Amino acid sequence: MVQAQRGGTASTSAVVDAIRAAGTISRVGLTSVTGLTGATVSTVVRRLIDDGLVVEIGRAESTGGKPRVLLELEPTARYAAGVHLDHASITCTVTDLTGTPVAISTRPGPGTEHPAAVLEAVAAEVDRLVDEAGVDRERLLGVGVVAPGPLTSSGGMHRTPPSMRPWTDYPITLELGRLTGLPVLLENDATASAVGEYWSGGTDSEGSFAVLYMGTGLGAGLVLDGVAYRGSSGNAGEIGHTTLDLDGPLCWCGTRGCVEALAGPAAVVAEVRTSPGLARQLGIAQADGAPSGELGAPADAGRTDDPATVDDSVVTAFAAVAAAASAGHPEARRILDRSARYVAAAALNTVNLLDVRMLVLSGASLAAAGDVYLPVVRDLLSAALFARGDHPVDVRLSRTAASAPAVGGAALVLQSHLVPTLAPPAQPRPSAPLSEISTLST
């Protein structure tokens with residue numbers, strides 16, 4: 001197993017992250033960007049070249065002096081695996097050092113399978129993808145597992161969505177680590193998506209931004225100055241469970257009027273199912289026990305069901321609604337437009353709170369319906385952002401929205417290994433000292 005860089009960790013991390021962010025840069029450029037001395041940069045770069053992490057790719061055009069040698073990360077120097085564990089589907093990927101997938105696969109969600117059986121299948125799939133991509137296993141750093149929050153300090157999920165109740169407090173990291181023989185990190189889907197955007201260059205040079213993630217549920221990933229912000233228990237960014245209507249529908253988390261209960265994918269699908277004719281038109285099966293009422297309408301008193309428990313195809317059904325809306329179906333478009341307004345309100349609250357200049361929309365549901373949600377979010381932020389007189393907000397759709405959590409899981413491993421001064425503790429822990437840094441090792 002490849003070990004983390006130990007010598008000169010802070011300067012090495014700064015140089016690696018600068019090269020990653022720039023894509024291509026010279027030693028002089030690194031000195032300017034990092035604030036390190038030229039001698040320190042030269043020493044660090046030489047060590048990175050000797051370790052195979054960085055390569056010289058030629059010289060820049062001369063501006064009057066000696067042409068500068070350009071540097072890049074060597075994509076094949078290290079690899080990481082990412083696994084997105086969601087009730088709708090399980091996506092596994094292997095990425096190179098730049099966060100680019102070299103192999104990826106998606107299978108149906110866990111359904112009623114026991115977590116032990118699911119993780120055995122996941123370990124076998126990661127093994128298969130590594131072989132398929134021809135990856136040298138000595139260059140494989142670890143596995144990043146991504147799951148819905150809240151997460152626990154023991155490497156599992158707590159207070160899981162009803163569809164994933166068998167996973168409550170199951171020791172995911174311990175078990176998958178045993179099965180793969182690799183270090184395993186656990187992250188929630190929104191934060192992983194944000195880390196993936198940052199590592200793979202999806203935010204250009206912006207180091208502080210938010211990701212609005214919508215897959216089966218809804219959440220936000222927060223990156224501030226290149227560091228993912230997780231909060232005291234690793235569960236920051238749960239905008240899907242912020243309240244927009246005190247008298248609104250009861251959410252599975254126990255609160256009324258959550259954004260997710262008002263406008264998440266399950267709420268959209270549930271609204272379609274209130275009209276059997278509309279559901280048939282859109283090819284969405286009517287399920288027994290589907291909740292009734294308009295999107296965003298108050299639920300019946302005492303109702304504790306979750307629309308996501310109707311079946312295991314919320315994301316698929318939502319994608320069908322999105323396709324119909326894009327094709328001009330007026331009722332499908334009306335339902336999505338209403339959802340988009342609630343989601344835009346959540347985005348506005350997030351950006352107002354953080355005062356960031358970039359918001360990335362990501363997740364399988366936004367990959368399917370980005371053409372509806374993106375302009376609504378943009379318009380509201382442009383018109384109503386508190387700091388709109390000081391700066392605009394760049395609202396963009398992720399280039400890898402559908403596979404973002406799995407790619408982000410792999411990116412988390414890469415960042416934790418190669419840029420430990422920017423990486424969080426491997427698992428959430430209460431009251432961890434700010435100076436405490438974790439790196440991956442065997």
# chains A, B, ... in the order shown; residues from 1 in each chain; ligands from 1

$ residues_around --residues "range 392-398 of chain A" --least-positions-apart "5" --cutoff "9 Å" --atoms "only C-alpha atoms" --output "PyMOL selection string"
chain A and resi 197+202-203+211+351+356-363+366-367+370+374-375+377-378+381-382+385+387+404

$ closest_atom_pairs --of "range 63-151 of chain A" --to "range 23-37 of chain A" --cutoff "7 Å" --atoms "only C-alpha atoms" --output "CSV"
residue,atom,partner,partner_atom,distance
A:Arg68,CA,A:Ser26,CA,6.1
A:Val69,CA,A:Ser26,CA,5.7
A:Leu70,CA,A:Ser26,CA,4.5
A:Leu71,CA,A:Ile25,CA,5.3
A:Glu72,CA,A:Thr24,CA,5.1

$ residues_around --residues "range 327-331 of chain A" --least-positions-apart "3" --cutoff "12 Å" --atoms "only C-alpha atoms" --output "list in words"
Val268, Glu271, Val272, Ser275, Gly277, Leu278, Ala279, Gln281, Leu282, Ala320, Val321, Ala322, Ala323, Ala324, Arg334, Ile335, Leu336, Asp337, Arg338, Ala369, Asp371 and Val372 of chain A

$ residues_around --residues "Glu132 in chain A" --least-positions-apart "4" --cutoff "10 Å" --atoms "only C-alpha atoms" --output "PyMOL selection string"
chain A and resi 94+102-104+126-128

$ write_last_selection --atoms "all heavy atoms" --output "PDB file, in the first residue's frame"
ATOM      1  N   VAL A  94     -13.729   3.861  -9.812  1.00  0.00           N
ATOM      2  CA  VAL A  94     -12.303   3.990  -9.525  1.00  0.00           C
ATOM      3  C   VAL A  94     -11.826   5.207 -10.299  1.00  0.00           C
ATOM      4  O   VAL A  94     -12.107   5.327 -11.497  1.00  0.00           O
ATOM      5  CB  VAL A  94     -11.510   2.734  -9.938  1.00  0.00           C
ATOM      6  CG1 VAL A  94     -10.009   2.951  -9.741  1.00  0.00           C
ATOM      7  CG2 VAL A  94     -11.978   1.519  -9.155  1.00  0.00           C
ATOM      8  N   VAL A 102     -11.877   6.079 -14.128  1.00  0.00           N
ATOM      9  CA  VAL A 102     -11.312   5.167 -15.118  1.00  0.00           C
ATOM     10  C   VAL A 102     -12.171   3.916 -15.235  1.00  0.00           C
ATOM     11  O   VAL A 102     -12.012   3.125 -16.170  1.00  0.00           O
ATOM     12  CB  VAL A 102      -9.868   4.776 -14.756  1.00  0.00           C
ATOM     13  CG1 VAL A 102      -8.968   5.999 -14.797  1.00  0.00           C
ATOM     14  CG2 VAL A 102      -9.781   4.102 -13.390  1.00  0.00           C
ATOM     15  N   ALA A 103     -13.102   3.736 -14.308  1.00  0.00           N
ATOM     16  CA  ALA A 103     -14.083   2.650 -14.373  1.00  0.00           C
ATOM     17  C   ALA A 103     -15.240   3.026 -13.462  1.00  0.00           C
ATOM     18  O   ALA A 103     -15.040   3.628 -12.408  1.00  0.00           O
ATOM     19  CB  ALA A 103     -13.470   1.325 -13.921  1.00  0.00           C
ATOM     20  N   ILE A 104     -16.450   2.692 -13.883  1.00  0.00           N
ATOM     21  CA  ILE A 104     -17.627   3.051 -13.095  1.00  0.00           C
ATOM     22  C   ILE A 104     -18.757   2.082 -13.405  1.00  0.00           C
ATOM     23  O   ILE A 104     -18.862   1.571 -14.537  1.00  0.00           O
ATOM     24  CB  ILE A 104     -18.051   4.510 -13.379  1.00  0.00           C
ATOM     25  CG1 ILE A 104     -19.100   4.994 -12.365  1.00  0.00           C
ATOM     26  CG2 ILE A 104     -18.556   4.672 -14.816  1.00  0.00           C
ATOM     27  CD1 ILE A 104     -19.298   6.501 -12.412  1.00  0.00           C
ATOM     28  N   VAL A 126     -15.848  -3.403  -6.490  1.00  0.00           N
ATOM     29  CA  VAL A 126     -14.646  -2.573  -6.483  1.00  0.00           C
ATOM     30  C   VAL A 126     -13.461  -3.374  -7.019  1.00  0.00           C
ATOM     31  O   VAL A 126     -12.673  -2.885  -7.847  1.00  0.00           O
ATOM     32  CB  VAL A 126     -14.354  -2.055  -5.061  1.00  0.00           C
ATOM     33  CG1 VAL A 126     -12.954  -1.429  -4.985  1.00  0.00           C
ATOM     34  CG2 VAL A 126     -15.405  -1.034  -4.637  1.00  0.00           C
ATOM     35  N   ASP A 127     -13.349  -4.604  -6.585  1.00  0.00           N
ATOM     36  CA  ASP A 127     -12.269  -5.483  -7.053  1.00  0.00           C
ATOM     37  C   ASP A 127     -12.345  -5.675  -8.566  1.00  0.00           C
ATOM     38  O   ASP A 127     -11.329  -5.631  -9.277  1.00  0.00           O
ATOM     39  CB  ASP A 127     -12.367  -6.822  -6.328  1.00  0.00           C
ATOM     40  CG  ASP A 127     -11.108  -7.657  -6.468  1.00  0.00           C
ATOM     41  OD1 ASP A 127     -10.026  -7.162  -6.103  1.00  0.00           O
ATOM     42  OD2 ASP A 127     -11.211  -8.801  -6.951  1.00  0.00           O
ATOM     43  N   ARG A 128     -13.569  -5.858  -9.074  1.00  0.00           N
ATOM     44  CA  ARG A 128     -13.753  -6.059 -10.513  1.00  0.00           C
ATOM     45  C   ARG A 128     -13.364  -4.810 -11.293  1.00  0.00           C
ATOM     46  O   ARG A 128     -12.710  -4.886 -12.349  1.00  0.00           O
ATOM     47  CB  ARG A 128     -15.206  -6.426 -10.809  1.00  0.00           C
ATOM     48  CG  ARG A 128     -15.456  -6.821 -12.264  1.00  0.00           C
ATOM     49  CD  ARG A 128     -16.932  -6.987 -12.561  1.00  0.00           C
ATOM     50  NE  ARG A 128     -17.645  -5.709 -12.561  1.00  0.00           N
ATOM     51  CZ  ARG A 128     -17.638  -4.858 -13.587  1.00  0.00           C
ATOM     52  NH1 ARG A 128     -16.929  -5.133 -14.687  1.00  0.00           N
ATOM     53  NH2 ARG A 128     -18.312  -3.728 -13.520  1.00  0.00           N
TER      54      ARG A 128
END

$ select_by_dssp --residues "range 13-177 of chain A" --states "strand (DSSP E or B)" --output "count of residues only"
46

$ select_by_dssp --residues "range 99-227 of chain A" --states "alpha helix (DSSP H)" --output "PyMOL selection string"
chain A and resi 115-133+172-180+189-200

$ write_last_selection --atoms "C-alpha atoms" --output "compact mmCIF listing (two decimals), in the first residue's frame"
# COMPACT_ATOMS: atom_id res chain seq x y z
CA PRO A 115 -26.15 -4.77 4.78
CA ALA A 116 -23.55 -7.55 5.12
CA ALA A 117 -24.59 -9.06 1.78
CA VAL A 118 -24.66 -5.65 0.10
CA LEU A 119 -21.16 -4.79 1.27
CA GLU A 120 -19.84 -8.15 0.09
CA ALA A 121 -21.20 -7.34 -3.37
CA VAL A 122 -19.73 -3.82 -3.19
CA ALA A 123 -16.29 -5.17 -2.28
CA ALA A 124 -16.44 -7.63 -5.18
CA GLU A 125 -17.50 -4.84 -7.55
CA VAL A 126 -14.65 -2.57 -6.48
CA ASP A 127 -12.27 -5.48 -7.05
CA ARG A 128 -13.75 -6.06 -10.51
CA LEU A 129 -13.46 -2.40 -11.50
CA VAL A 130 -9.83 -2.27 -10.39
CA ASP A 131 -9.09 -5.25 -12.62
CA GLU A 132 -11.14 -3.82 -15.50
CA ALA A 133 -9.18 -0.55 -15.40
CA ILE A 172 -19.95 0.25 7.29
CA THR A 173 -16.32 1.36 7.39
CA LEU A 174 -15.20 -1.50 9.61
CA GLU A 175 -16.93 -4.16 7.54
CA LEU A 176 -15.94 -2.82 4.11
CA GLY A 177 -12.38 -2.33 5.31
CA ARG A 178 -12.30 -5.98 6.36
CA LEU A 179 -13.69 -7.11 3.02
CA THR A 180 -11.39 -5.01 0.82
CA ASP A 189 -23.59 12.44 -0.21
CA ALA A 190 -23.73 16.24 -0.37
CA THR A 191 -20.32 16.83 1.24
CA ALA A 192 -18.72 14.14 -0.91
CA SER A 193 -20.12 15.81 -4.02
CA ALA A 194 -18.58 19.10 -2.91
CA VAL A 195 -15.16 17.53 -2.27
CA GLY A 196 -15.35 15.89 -5.69
CA GLU A 197 -16.15 19.19 -7.40
CA TYR A 198 -13.20 20.86 -5.70
CA TRP A 199 -10.67 18.10 -6.37
CA SER A 200 -11.60 17.51 -10.01

$ atom_distance --atom1 "CA of Arg78 in chain A" --atom2 "CA of Asp225 in chain A"
24.5 Å

$ atom_distance --atom1 "CA of Gly111 in chain A" --atom2 "CA of Pro148 in chain A"
14.9 Å

$ decode --residues "range 28-96 of chain A" --atoms "C-alpha atoms" --output "PDB file, in the first residue's frame"
ATOM      1  CA  VAL A  28       7.797  30.212 -10.280  1.00  0.00           C
ATOM      2  CA  GLY A  29       4.015  30.085 -10.389  1.00  0.00           C
ATOM      3  CA  LEU A  30       3.993  27.749  -7.382  1.00  0.00           C
ATOM      4  CA  THR A  31       6.166  30.171  -5.446  1.00  0.00           C
ATOM      5  CA  SER A  32       3.703  32.966  -6.160  1.00  0.00           C
ATOM      6  CA  VAL A  33       0.579  30.932  -5.376  1.00  0.00           C
ATOM      7  CA  THR A  34       1.780  29.160  -2.229  1.00  0.00           C
ATOM      8  CA  GLY A  35       3.918  31.903  -0.682  1.00  0.00           C
ATOM      9  CA  LEU A  36       6.712  29.382  -0.172  1.00  0.00           C
ATOM     10  CA  THR A  37      10.310  30.251  -0.998  1.00  0.00           C
ATOM     11  CA  GLY A  38      11.755  29.209  -4.315  1.00  0.00           C
ATOM     12  CA  ALA A  39      14.154  26.838  -2.588  1.00  0.00           C
ATOM     13  CA  THR A  40      11.319  25.117  -0.692  1.00  0.00           C
ATOM     14  CA  VAL A  41       9.229  24.775  -3.848  1.00  0.00           C
ATOM     15  CA  SER A  42      12.164  23.270  -5.735  1.00  0.00           C
ATOM     16  CA  THR A  43      12.823  20.764  -2.939  1.00  0.00           C
ATOM     17  CA  VAL A  44       9.185  19.721  -2.698  1.00  0.00           C
ATOM     18  CA  VAL A  45       8.749  19.457  -6.474  1.00  0.00           C
ATOM     19  CA  ARG A  46      11.861  17.314  -6.801  1.00  0.00           C
ATOM     20  CA  ARG A  47      10.528  14.948  -4.118  1.00  0.00           C
ATOM     21  CA  LEU A  48       7.129  14.772  -5.828  1.00  0.00           C
ATOM     22  CA  ILE A  49       8.776  14.009  -9.170  1.00  0.00           C
ATOM     23  CA  ASP A  50      10.912  11.296  -7.561  1.00  0.00           C
ATOM     24  CA  ASP A  51       7.749   9.804  -6.030  1.00  0.00           C
ATOM     25  CA  GLY A  52       6.047   9.827  -9.454  1.00  0.00           C
ATOM     26  CA  LEU A  53       3.249  12.180  -8.340  1.00  0.00           C
ATOM     27  CA  VAL A  54       4.301  15.097 -10.569  1.00  0.00           C
ATOM     28  CA  VAL A  55       5.742  15.214 -14.086  1.00  0.00           C
ATOM     29  CA  GLU A  56       7.424  17.881 -16.174  1.00  0.00           C
ATOM     30  CA  ILE A  57       5.496  18.301 -19.421  1.00  0.00           C
ATOM     31  CA  GLY A  58       7.605  20.812 -21.343  1.00  0.00           C
ATOM     32  CA  ARG A  59       8.223  24.539 -21.279  1.00  0.00           C
ATOM     33  CA  ALA A  60       5.970  27.561 -21.445  1.00  0.00           C
ATOM     34  CA  GLU A  61       6.404  30.124 -24.199  1.00  0.00           C
ATOM     35  CA  SER A  62       9.225  32.516 -23.441  1.00  0.00           C
ATOM     36  CA  THR A  63       8.292  35.994 -22.246  1.00  0.00           C
ATOM     37  CA  GLY A  64      11.827  37.293 -22.651  1.00  0.00           C
ATOM     38  CA  GLY A  65      13.749  35.086 -20.248  1.00  0.00           C
ATOM     39  CA  LYS A  66      14.411  31.385 -20.016  1.00  0.00           C
ATOM     40  CA  PRO A  67      11.185  29.426 -20.718  1.00  0.00           C
ATOM     41  CA  ARG A  68       9.735  27.982 -17.517  1.00  0.00           C
ATOM     42  CA  VAL A  69       9.275  24.242 -17.081  1.00  0.00           C
ATOM     43  CA  LEU A  70       5.618  23.303 -16.608  1.00  0.00           C
ATOM     44  CA  LEU A  71       4.395  20.781 -14.047  1.00  0.00           C
ATOM     45  CA  GLU A  72       1.316  18.585 -13.802  1.00  0.00           C
ATOM     46  CA  LEU A  73       0.052  15.845 -11.534  1.00  0.00           C
ATOM     47  CA  GLU A  74       0.658  12.380 -12.984  1.00  0.00           C
ATOM     48  CA  PRO A  75      -2.886  10.926 -13.258  1.00  0.00           C
ATOM     49  CA  THR A  76      -1.749   7.301 -13.053  1.00  0.00           C
ATOM     50  CA  ALA A  77       0.405   7.809  -9.956  1.00  0.00           C
ATOM     51  CA  ARG A  78      -2.407   7.051  -7.500  1.00  0.00           C
ATOM     52  CA  TYR A  79      -5.990   5.792  -7.619  1.00  0.00           C
ATOM     53  CA  ALA A  80      -8.945   5.671  -5.259  1.00  0.00           C
ATOM     54  CA  ALA A  81     -12.307   3.929  -5.196  1.00  0.00           C
ATOM     55  CA  GLY A  82     -15.624   5.615  -4.459  1.00  0.00           C
ATOM     56  CA  VAL A  83     -18.928   3.972  -3.531  1.00  0.00           C
ATOM     57  CA  HIS A  84     -22.284   5.761  -3.401  1.00  0.00           C
ATOM     58  CA  LEU A  85     -24.690   3.771  -1.274  1.00  0.00           C
ATOM     59  CA  ASP A  86     -28.255   4.992  -1.783  1.00  0.00           C
ATOM     60  CA  HIS A  87     -31.592   3.230  -1.561  1.00  0.00           C
ATOM     61  CA  ALA A  88     -32.230   3.948  -5.258  1.00  0.00           C
ATOM     62  CA  SER A  89     -28.914   2.638  -6.578  1.00  0.00           C
ATOM     63  CA  ILE A  90     -25.332   1.753  -5.724  1.00  0.00           C
ATOM     64  CA  THR A  91     -22.610   3.377  -7.829  1.00  0.00           C
ATOM     65  CA  CYS A  92     -18.985   2.236  -7.666  1.00  0.00           C
ATOM     66  CA  THR A  93     -16.079   3.967  -9.364  1.00  0.00           C
ATOM     67  CA  VAL A  94     -12.303   3.990  -9.525  1.00  0.00           C
ATOM     68  CA  THR A  95     -10.668   7.351 -10.280  1.00  0.00           C
ATOM     69  CA  ASP A  96      -7.153   8.442 -11.092  1.00  0.00           C
TER      70      ASP A  96
END
